[in-house]
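What follows is query_1.tsv (TSV, C-alpha atoms).
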```tsv
chain	number	residue	atom	x	y	z
A	1	MET	CA	158.73	171.67	21.96
A	2	ALA	CA	162.07	170.56	23.38
A	3	ALA	CA	163.04	172.49	26.51
A	4	PRO	CA	165.59	175.22	25.82
A	5	ARG	CA	169.11	174.66	27.16
A	6	ILE	CA	170.84	176.93	29.56
A	7	ARG	CA	174.42	177.90	28.91
A	8	LEU	CA	176.68	179.24	31.63
A	9	LEU	CA	178.99	182.19	31.77
A	10	ILE	CA	181.36	182.16	34.74
A	11	GLY	CA	182.48	185.53	36.05
A	12	GLU	CA	181.48	189.07	35.13
A	13	THR	CA	183.99	189.25	32.32
A	14	VAL	CA	183.25	185.65	31.26
A	15	ALA	CA	186.40	183.82	32.29
A	16	LEU	CA	184.81	180.66	30.92
A	17	GLY	CA	181.64	180.19	28.89
A	18	PRO	CA	180.30	177.84	26.24
A	19	GLY	CA	182.50	179.17	23.43
A	20	LYS	CA	185.77	179.00	25.35
A	21	ALA	CA	184.89	175.58	26.79
A	22	ALA	CA	184.19	174.27	23.28
A	23	LEU	CA	187.55	175.62	22.11
A	24	LEU	CA	189.37	173.88	24.97
A	25	ARG	CA	187.64	170.60	24.09
A	26	ALA	CA	188.55	171.06	20.42
A	27	ILE	CA	192.23	171.71	21.29
A	28	GLU	CA	192.25	168.56	23.44
A	29	GLU	CA	190.85	166.63	20.49
A	30	ALA	CA	192.85	168.17	17.64
A	31	GLY	CA	196.16	168.45	19.49
A	32	SER	CA	196.73	171.92	18.07
A	33	ILE	CA	195.17	175.36	18.09
A	34	SER	CA	195.07	175.51	14.30
A	35	GLY	CA	193.30	172.14	14.14
A	36	ALA	CA	190.84	173.24	16.80
A	37	ALA	CA	190.15	176.51	14.97
A	38	ARG	CA	189.52	174.57	11.76
A	39	ALA	CA	187.19	172.11	13.49
A	40	MET	CA	185.20	175.04	14.91
A	41	SER	CA	185.21	177.09	11.68
A	42	MET	CA	186.94	179.84	13.63
A	43	SER	CA	189.85	181.92	12.43
A	44	TYR	CA	193.27	180.95	13.78
A	45	ARG	CA	193.67	184.48	15.02
A	46	ARG	CA	190.43	184.38	17.00
A	47	ALA	CA	191.29	181.00	18.53
A	48	TRP	CA	194.69	182.34	19.64
A	49	ASP	CA	193.09	185.45	21.02
A	50	LEU	CA	190.68	183.40	23.14
A	51	VAL	CA	193.51	181.14	24.34
A	52	ASP	CA	195.60	184.19	25.25
A	53	ARG	CA	192.76	185.67	27.26
A	54	MET	CA	192.11	182.42	29.12
A	55	ASN	CA	195.81	182.01	29.84
A	56	ALA	CA	195.84	185.52	31.31
A	57	ASP	CA	192.56	185.23	33.28
A	58	PHE	CA	193.51	182.09	35.17
A	59	THR	CA	196.34	181.65	37.67
A	60	GLY	CA	198.36	179.89	34.96
A	61	PRO	CA	198.01	178.90	31.31
A	62	LEU	CA	195.19	176.54	30.34
A	63	VAL	CA	196.84	175.70	27.00
A	64	GLU	CA	200.51	175.04	26.30
A	65	ARG	CA	202.54	174.50	23.16
A	66	VAL	CA	203.95	171.05	22.52
A	67	LYS	CA	207.21	170.73	20.59
A	68	GLY	CA	207.64	168.08	17.96
A	69	GLY	CA	205.03	165.64	16.73
A	70	ARG	CA	202.90	166.05	13.63
A	71	GLY	CA	203.65	169.22	11.73
A	72	GLY	CA	206.45	170.12	14.13
A	73	GLY	CA	204.35	171.21	17.09
A	74	GLY	CA	200.94	171.50	18.56
A	75	ALA	CA	199.13	172.45	21.71
A	76	ARG	CA	197.47	170.70	24.60
A	77	LEU	CA	195.64	171.48	27.81
A	78	THR	CA	197.73	171.91	30.94
A	79	GLU	CA	196.66	170.19	34.15
A	80	LEU	CA	195.05	173.50	35.12
A	81	GLY	CA	193.30	173.58	31.74
A	82	LYS	CA	191.89	170.08	32.22
A	83	ASP	CA	190.84	170.95	35.76
A	84	ALA	CA	189.11	174.20	34.72
A	85	LEU	CA	187.31	172.52	31.79
A	86	GLY	CA	186.22	169.55	33.92
A	87	ARG	CA	184.89	171.85	36.63
A	88	TYR	CA	183.08	174.01	34.08
A	89	GLU	CA	181.37	170.97	32.59
A	90	ARG	CA	180.30	169.70	36.00
A	91	ILE	CA	178.98	173.13	36.98
A	92	GLU	CA	177.03	173.37	33.72
A	93	ASP	CA	175.58	169.88	34.22
A	94	LYS	CA	174.60	170.51	37.80
A	95	ALA	CA	172.97	173.87	37.02
A	96	SER	CA	171.09	172.35	34.05
A	97	HIS	CA	169.73	169.54	36.17
A	98	ALA	CA	168.65	171.95	38.90
A	99	VAL	CA	166.47	173.95	36.50
A	100	ALA	CA	165.39	171.24	34.04
A	101	GLN	CA	161.76	171.40	35.14
A	102	ASP	CA	161.71	175.23	35.01
A	103	LEU	CA	163.17	175.18	31.50
A	104	GLU	CA	160.45	172.80	30.38
A	105	GLU	CA	157.88	175.25	31.72
A	106	PHE	CA	159.71	178.15	30.01
A	107	ALA	CA	159.61	176.48	26.61
A	108	PRO	CA	155.93	177.25	25.78
A	109	LEU	CA	156.73	180.99	26.10
A	110	LEU	CA	159.10	180.74	23.14
A	111	ARG	CA	158.12	180.64	19.50
A	112	ASP	CA	159.09	177.47	17.69
A	113	PRO	CA	162.26	178.28	15.76
A	114	ASP	CA	161.85	177.47	12.08
B	1	MET	CA	188.45	186.02	46.52
B	2	ALA	CA	184.71	186.32	46.09
B	3	ALA	CA	183.23	183.39	44.18
B	4	PRO	CA	182.56	184.21	40.54
B	5	ARG	CA	178.92	184.52	39.50
B	6	ILE	CA	177.30	182.41	36.86
B	7	ARG	CA	175.13	184.08	34.29
B	8	LEU	CA	172.58	182.17	32.25
B	9	LEU	CA	171.79	182.12	28.59
B	10	ILE	CA	168.50	180.44	27.73
B	11	GLY	CA	168.25	178.77	24.33
B	12	GLU	CA	170.82	178.21	21.61
B	13	THR	CA	170.23	181.60	20.07
B	14	VAL	CA	169.93	183.25	23.51
B	15	ALA	CA	166.25	184.07	23.73
B	16	LEU	CA	166.96	185.54	27.16
B	17	GLY	CA	170.26	186.23	28.91
B	18	PRO	CA	171.67	188.71	31.42
B	19	GLY	CA	171.75	191.67	29.00
B	20	LYS	CA	168.17	191.28	27.77
B	21	ALA	CA	166.90	190.61	31.30
B	22	ALA	CA	168.60	193.81	32.53
B	23	LEU	CA	166.99	195.75	29.68
B	24	LEU	CA	163.53	194.42	30.59
B	25	ARG	CA	164.07	195.44	34.22
B	26	ALA	CA	165.24	198.89	33.11
B	27	ILE	CA	162.15	199.36	30.90
B	28	GLU	CA	159.93	198.36	33.83
B	29	GLU	CA	161.69	200.95	35.97
B	30	ALA	CA	162.04	203.80	33.47
B	31	GLY	CA	158.64	203.37	31.83
B	32	SER	CA	160.15	203.87	28.39
B	33	ILE	CA	162.69	202.29	26.08
B	34	SER	CA	164.61	205.55	25.70
B	35	GLY	CA	164.84	205.95	29.49
B	36	ALA	CA	165.97	202.35	29.86
B	37	ALA	CA	168.61	202.79	27.17
B	38	ARG	CA	169.87	205.92	28.91
B	39	ALA	CA	169.99	204.18	32.30
B	40	MET	CA	172.02	201.36	30.74
B	41	SER	CA	174.30	203.63	28.68
B	42	MET	CA	173.06	201.82	25.60
B	43	SER	CA	172.09	203.41	22.32
B	44	TYR	CA	168.37	203.80	21.70
B	45	ARG	CA	168.81	201.89	18.48
B	46	ARG	CA	170.43	198.91	20.22
B	47	ALA	CA	167.74	198.85	22.92
B	48	TRP	CA	165.01	198.82	20.25
B	49	ASP	CA	166.81	196.11	18.35
B	50	LEU	CA	166.96	193.89	21.45
B	51	VAL	CA	163.28	194.55	22.20
B	52	ASP	CA	162.36	193.70	18.61
B	53	ARG	CA	164.25	190.45	18.79
B	54	MET	CA	162.64	189.45	22.09
B	55	ASN	CA	159.19	190.36	20.79
B	56	ALA	CA	159.82	188.09	17.79
B	57	ASP	CA	161.41	185.18	19.71
B	58	PHE	CA	158.56	184.74	22.19
B	59	THR	CA	154.96	183.75	21.46
B	60	GLY	CA	153.97	187.41	21.86
B	61	PRO	CA	155.57	190.77	22.61
B	62	LEU	CA	157.38	191.20	25.94
B	63	VAL	CA	157.32	195.00	25.65
B	64	GLU	CA	154.45	197.22	24.48
B	65	ARG	CA	154.10	200.91	23.79
B	66	VAL	CA	151.98	202.98	26.15
B	67	LYS	CA	150.13	206.00	24.78
B	68	GLY	CA	150.02	209.22	26.72
B	69	GLY	CA	151.77	209.98	29.99
B	70	ARG	CA	155.08	211.76	30.36
B	71	GLY	CA	156.56	212.88	27.07
B	72	GLY	CA	153.54	211.58	25.18
B	73	GLY	CA	154.24	207.86	25.42
B	74	GLY	CA	156.41	205.19	26.85
B	75	ALA	CA	156.74	201.44	27.08
B	76	ARG	CA	156.04	198.74	29.62
B	77	LEU	CA	156.29	195.00	30.00
B	78	THR	CA	153.32	192.93	28.89
B	79	GLU	CA	152.01	190.16	31.14
B	80	LEU	CA	154.10	187.77	29.06
B	81	GLY	CA	157.12	190.05	29.54
B	82	LYS	CA	156.69	190.05	33.32
B	83	ASP	CA	156.20	186.30	33.31
B	84	ALA	CA	159.29	185.64	31.17
B	85	LEU	CA	161.46	187.98	33.25
B	86	GLY	CA	160.22	186.51	36.54
B	87	ARG	CA	160.88	182.97	35.33
B	88	TYR	CA	164.34	183.93	34.06
B	89	GLU	CA	165.24	185.43	37.44
B	90	ARG	CA	164.00	182.37	39.33
B	91	ILE	CA	165.92	180.04	36.98
B	92	GLU	CA	169.10	182.10	37.43
B	93	ASP	CA	168.69	182.07	41.23
B	94	LYS	CA	168.03	178.38	41.39
B	95	ALA	CA	170.97	177.50	39.14
B	96	SER	CA	173.27	179.82	41.12
B	97	HIS	CA	172.29	178.20	44.39
B	98	ALA	CA	172.80	174.71	42.99
B	99	VAL	CA	176.43	175.46	42.07
B	100	ALA	CA	177.40	177.96	44.77
B	101	GLN	CA	179.85	175.57	46.40
B	102	ASP	CA	181.42	174.61	43.05
B	103	LEU	CA	181.85	178.27	42.14
B	104	GLU	CA	183.62	178.88	45.42
B	105	GLU	CA	186.00	176.06	44.57
B	106	PHE	CA	186.44	177.44	41.04
B	107	ALA	CA	187.45	180.89	42.30
B	108	PRO	CA	191.06	180.02	43.26
B	109	LEU	CA	191.72	178.99	39.64
B	110	LEU	CA	191.11	182.57	38.52
B	111	ARG	CA	193.54	185.44	38.82
B	112	ASP	CA	192.36	188.30	40.99
B	113	PRO	CA	191.05	190.98	38.65
B	114	ASP	CA	192.73	194.29	39.30
```
Please, can you express the file's structure as structure tokens?
Amino acid sequence: MAAPRIRLLIGETVALGPGKAALLRAIEEAGSISGAARAMSMSYRRAWDLVDRMNADFTGPLVERVKGGRGGGGARLTELGKDALGRYERIEDKASHAVAQDLEEFAPLLRDPD
Amino acid sequence: MAAPRIRLLIGETVALGPGKAALLRAIEEAGSISGAARAMSMSYRRAWDLVDRMNADFTGPLVERVKGGRGGGGARLTELGKDALGRYERIEDKASHAVAQDLEEFAPLLRDPD
């Protein structure tokens, strides 16, 4: 059986976790919140809600609107957004590597998903 | 600001995470699922649902009923349950230590909760 992955939540109230990190990556890629929501099969309203919460939980916004361009406007990560996402990904990587062996030993305790 | 904590989810469908681990610890302490639910301010129904899911996701039950005793019966962790919880706690510790410095550097990006 493949070893299970760990996923990280940062902070008691989950300032950043796998779902929010994936949304930030999708915004970076799509260039808009609506495009990111579509790519993640998430409602536009939910995507905005998550962005709002991240923008409020950090010292500044992680996502900003961009005027002009395709469809008359989009969104992109701020420098703080790129920094937070990059740090999150490095923390997740480092933690995963640190426990890779333990996760392999944990795997036989789990039923094979089918 | 104190460094934020990480919390771990194991597996894509979250076989074990902070909520389930806390419930297992509470069952160990209370000696029953109803006592554990009460201690966690969780409904009895939700506690049972989480136990059912864990018992199904692992190769055997993590929690078993105990006949007799106070109130005519309770619950306790099986050997597998103790093993899974112990491993989860060690994995969480190890991962936290591996990224302690990074979390300290992440903290200034977050607003102080108030």
Pick from B:Ala15, B:Leu85, B:Leu24, B:Val66, whichever lies nearest to B:Arg53 using only C-alpha atoms: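 Between B:Ala15, B:Leu85, B:Leu24, B:Val66, the residue approaching B:Arg53 most closely is B:Ala15.
Distance annotation: of A:Val51, A:Ala2, A:Ala26, A:Ile91, the residue with the minimal separation from chain B is A:Ile91; atom set is all atoms listed in the file.
For the set B:Ala95, B:Ala47, B:Leu16, B:Ala100, the residue with the smallest atom-to-atom gap to chain A is B:Ala95, counting only C-alpha atoms.
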Residue hits in chain A, query chain B, radius 10 Å, all atoms listed in the file, as number ranges by chain: A: 3-18, 54-60, 80-81, 83-84, 87-88, 90-103, 105-113
Å distance separating atom CA of A:Ser41 from atom CA of A:Lys82, one decimal place: 22.7 Å
Which residue of B:Leu50, B:Glu104, B:Gly73, B:Glu89 approaches B:Ala37 most closely, using all atoms listed in the file: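 Closest residue, counting all atoms listed in the file: B:Leu50.
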Superimpose chain B on chain A so that the squared distances between all in-order C-alpha pairs are minimised, and send the result as a PDB file with C-alpha atoms, keeping the file's coordinate frame.
```pdb
ATOM      1  CA  MET B   1     158.848 171.678  21.915  1.00  0.00           C
ATOM      2  CA  ALA B   2     162.146 170.547  23.366  1.00  0.00           C
ATOM      3  CA  ALA B   3     163.092 172.479  26.496  1.00  0.00           C
ATOM      4  CA  PRO B   4     165.636 175.205  25.814  1.00  0.00           C
ATOM      5  CA  ARG B   5     169.142 174.648  27.165  1.00  0.00           C
ATOM      6  CA  ILE B   6     170.854 176.943  29.583  1.00  0.00           C
ATOM      7  CA  ARG B   7     174.422 177.917  28.934  1.00  0.00           C
ATOM      8  CA  LEU B   8     176.674 179.273  31.655  1.00  0.00           C
ATOM      9  CA  LEU B   9     178.989 182.213  31.795  1.00  0.00           C
ATOM     10  CA  ILE B  10     181.369 182.182  34.748  1.00  0.00           C
ATOM     11  CA  GLY B  11     182.511 185.547  36.081  1.00  0.00           C
ATOM     12  CA  GLU B  12     181.514 189.082  35.170  1.00  0.00           C
ATOM     13  CA  THR B  13     184.002 189.274  32.344  1.00  0.00           C
ATOM     14  CA  VAL B  14     183.272 185.669  31.288  1.00  0.00           C
ATOM     15  CA  ALA B  15     186.419 183.843  32.303  1.00  0.00           C
ATOM     16  CA  LEU B  16     184.819 180.682  30.933  1.00  0.00           C
ATOM     17  CA  GLY B  17     181.637 180.206  28.913  1.00  0.00           C
ATOM     18  CA  PRO B  18     180.294 177.843  26.258  1.00  0.00           C
ATOM     19  CA  GLY B  19     182.493 179.187  23.432  1.00  0.00           C
ATOM     20  CA  LYS B  20     185.771 179.013  25.357  1.00  0.00           C
ATOM     21  CA  ALA B  21     184.883 175.602  26.805  1.00  0.00           C
ATOM     22  CA  ALA B  22     184.182 174.278  23.283  1.00  0.00           C
ATOM     23  CA  LEU B  23     187.537 175.639  22.114  1.00  0.00           C
ATOM     24  CA  LEU B  24     189.362 173.885  24.971  1.00  0.00           C
ATOM     25  CA  ARG B  25     187.632 170.608  24.091  1.00  0.00           C
ATOM     26  CA  ALA B  26     188.540 171.076  20.423  1.00  0.00           C
ATOM     27  CA  ILE B  27     192.213 171.715  21.287  1.00  0.00           C
ATOM     28  CA  GLU B  28     192.235 168.562  23.425  1.00  0.00           C
ATOM     29  CA  GLU B  29     190.829 166.628  20.481  1.00  0.00           C
ATOM     30  CA  ALA B  30     192.807 168.175  17.620  1.00  0.00           C
ATOM     31  CA  GLY B  31     196.117 168.443  19.465  1.00  0.00           C
ATOM     32  CA  SER B  32     196.707 171.914  18.062  1.00  0.00           C
ATOM     33  CA  ILE B  33     195.152 175.358  18.093  1.00  0.00           C
ATOM     34  CA  SER B  34     195.048 175.521  14.296  1.00  0.00           C
ATOM     35  CA  GLY B  35     193.253 172.156  14.120  1.00  0.00           C
ATOM     36  CA  ALA B  36     190.798 173.260  16.790  1.00  0.00           C
ATOM     37  CA  ALA B  37     190.115 176.517  14.967  1.00  0.00           C
ATOM     38  CA  ARG B  38     189.500 174.595  11.752  1.00  0.00           C
ATOM     39  CA  ALA B  39     187.158 172.135  13.482  1.00  0.00           C
ATOM     40  CA  MET B  40     185.184 175.067  14.900  1.00  0.00           C
ATOM     41  CA  SER B  41     185.196 177.124  11.681  1.00  0.00           C
ATOM     42  CA  MET B  42     186.925 179.869  13.624  1.00  0.00           C
ATOM     43  CA  SER B  43     189.836 181.949  12.431  1.00  0.00           C
ATOM     44  CA  TYR B  44     193.241 180.969  13.780  1.00  0.00           C
ATOM     45  CA  ARG B  45     193.658 184.505  15.016  1.00  0.00           C
ATOM     46  CA  ARG B  46     190.412 184.416  17.014  1.00  0.00           C
ATOM     47  CA  ALA B  47     191.277 181.026  18.526  1.00  0.00           C
ATOM     48  CA  TRP B  48     194.686 182.347  19.629  1.00  0.00           C
ATOM     49  CA  ASP B  49     193.096 185.460  21.032  1.00  0.00           C
ATOM     50  CA  LEU B  50     190.681 183.400  23.150  1.00  0.00           C
ATOM     51  CA  VAL B  51     193.519 181.152  24.345  1.00  0.00           C
ATOM     52  CA  ASP B  52     195.599 184.202  25.255  1.00  0.00           C
ATOM     53  CA  ARG B  53     192.762 185.666  27.248  1.00  0.00           C
ATOM     54  CA  MET B  54     192.125 182.419  29.128  1.00  0.00           C
ATOM     55  CA  ASN B  55     195.831 181.997  29.842  1.00  0.00           C
ATOM     56  CA  ALA B  56     195.855 185.512  31.322  1.00  0.00           C
ATOM     57  CA  ASP B  57     192.576 185.233  33.286  1.00  0.00           C
ATOM     58  CA  PHE B  58     193.525 182.081  35.192  1.00  0.00           C
ATOM     59  CA  THR B  59     196.356 181.625  37.692  1.00  0.00           C
ATOM     60  CA  GLY B  60     198.363 179.880  34.960  1.00  0.00           C
ATOM     61  CA  PRO B  61     198.027 178.897  31.309  1.00  0.00           C
ATOM     62  CA  LEU B  62     195.197 176.532  30.333  1.00  0.00           C
ATOM     63  CA  VAL B  63     196.838 175.711  26.993  1.00  0.00           C
ATOM     64  CA  GLU B  64     200.523 175.031  26.291  1.00  0.00           C
ATOM     65  CA  ARG B  65     202.539 174.483  23.152  1.00  0.00           C
ATOM     66  CA  VAL B  66     203.924 171.019  22.497  1.00  0.00           C
ATOM     67  CA  LYS B  67     207.196 170.683  20.599  1.00  0.00           C
ATOM     68  CA  GLY B  68     207.615 168.037  17.959  1.00  0.00           C
ATOM     69  CA  GLY B  69     204.988 165.611  16.716  1.00  0.00           C
ATOM     70  CA  ARG B  70     202.859 166.054  13.629  1.00  0.00           C
ATOM     71  CA  GLY B  71     203.641 169.209  11.704  1.00  0.00           C
ATOM     72  CA  GLY B  72     206.431 170.083  14.119  1.00  0.00           C
ATOM     73  CA  GLY B  73     204.334 171.171  17.087  1.00  0.00           C
ATOM     74  CA  GLY B  74     200.913 171.479  18.532  1.00  0.00           C
ATOM     75  CA  ALA B  75     199.105 172.442  21.698  1.00  0.00           C
ATOM     76  CA  ARG B  76     197.444 170.684  24.594  1.00  0.00           C
ATOM     77  CA  LEU B  77     195.633 171.482  27.800  1.00  0.00           C
ATOM     78  CA  THR B  78     197.725 171.902  30.928  1.00  0.00           C
ATOM     79  CA  GLU B  79     196.659 170.187  34.149  1.00  0.00           C
ATOM     80  CA  LEU B  80     195.044 173.481  35.122  1.00  0.00           C
ATOM     81  CA  GLY B  81     193.287 173.578  31.737  1.00  0.00           C
ATOM     82  CA  LYS B  82     191.869 170.081  32.221  1.00  0.00           C
ATOM     83  CA  ASP B  83     190.826 170.943  35.753  1.00  0.00           C
ATOM     84  CA  ALA B  84     189.106 174.192  34.730  1.00  0.00           C
ATOM     85  CA  LEU B  85     187.304 172.537  31.810  1.00  0.00           C
ATOM     86  CA  GLY B  86     186.197 169.570  33.931  1.00  0.00           C
ATOM     87  CA  ARG B  87     184.876 171.871  36.650  1.00  0.00           C
ATOM     88  CA  TYR B  88     183.077 174.045  34.092  1.00  0.00           C
ATOM     89  CA  GLU B  89     181.360 170.992  32.603  1.00  0.00           C
ATOM     90  CA  ARG B  90     180.295 169.701  36.020  1.00  0.00           C
ATOM     91  CA  ILE B  91     178.964 173.152  36.999  1.00  0.00           C
ATOM     92  CA  GLU B  92     177.009 173.397  33.731  1.00  0.00           C
ATOM     93  CA  ASP B  93     175.555 169.898  34.234  1.00  0.00           C
ATOM     94  CA  LYS B  94     174.591 170.529  37.805  1.00  0.00           C
ATOM     95  CA  ALA B  95     172.957 173.879  37.037  1.00  0.00           C
ATOM     96  CA  SER B  96     171.091 172.367  34.067  1.00  0.00           C
ATOM     97  CA  HIS B  97     169.728 169.559  36.197  1.00  0.00           C
ATOM     98  CA  ALA B  98     168.634 171.957  38.928  1.00  0.00           C
ATOM     99  CA  VAL B  99     166.456 173.945  36.502  1.00  0.00           C
ATOM    100  CA  ALA B 100     165.384 171.241  34.048  1.00  0.00           C
ATOM    101  CA  GLN B 101     161.754 171.401  35.130  1.00  0.00           C
ATOM    102  CA  ASP B 102     161.694 175.220  34.991  1.00  0.00           C
ATOM    103  CA  LEU B 103     163.179 175.172  31.498  1.00  0.00           C
ATOM    104  CA  GLU B 104     160.474 172.786  30.379  1.00  0.00           C
ATOM    105  CA  GLU B 105     157.890 175.226  31.687  1.00  0.00           C
ATOM    106  CA  PHE B 106     159.712 178.123  30.002  1.00  0.00           C
ATOM    107  CA  ALA B 107     159.643 176.440  26.585  1.00  0.00           C
ATOM    108  CA  PRO B 108     155.984 177.213  25.736  1.00  0.00           C
ATOM    109  CA  LEU B 109     156.748 180.942  26.063  1.00  0.00           C
ATOM    110  CA  LEU B 110     159.130 180.704  23.111  1.00  0.00           C
ATOM    111  CA  ARG B 111     158.153 180.570  19.470  1.00  0.00           C
ATOM    112  CA  ASP B 112     159.180 177.413  17.665  1.00  0.00           C
ATOM    113  CA  PRO B 113     162.343 178.233  15.741  1.00  0.00           C
ATOM    114  CA  ASP B 114     161.970 177.383  12.089  1.00  0.00           C
TER     115      ASP B 114
END
```
Separation of atom CA of B:Arg76 from atom CA of B:Trp48, in Å and rounded to one decimal: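 That distance, rounded to one decimal, is 13.0 Å.
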Interatomic distance (Å, one decimal) between atom CA of A:Asp49 and atom CA of B:Met42: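 Separation between atom CA of A:Asp49 and atom CA of B:Met42: 26.3 Å.
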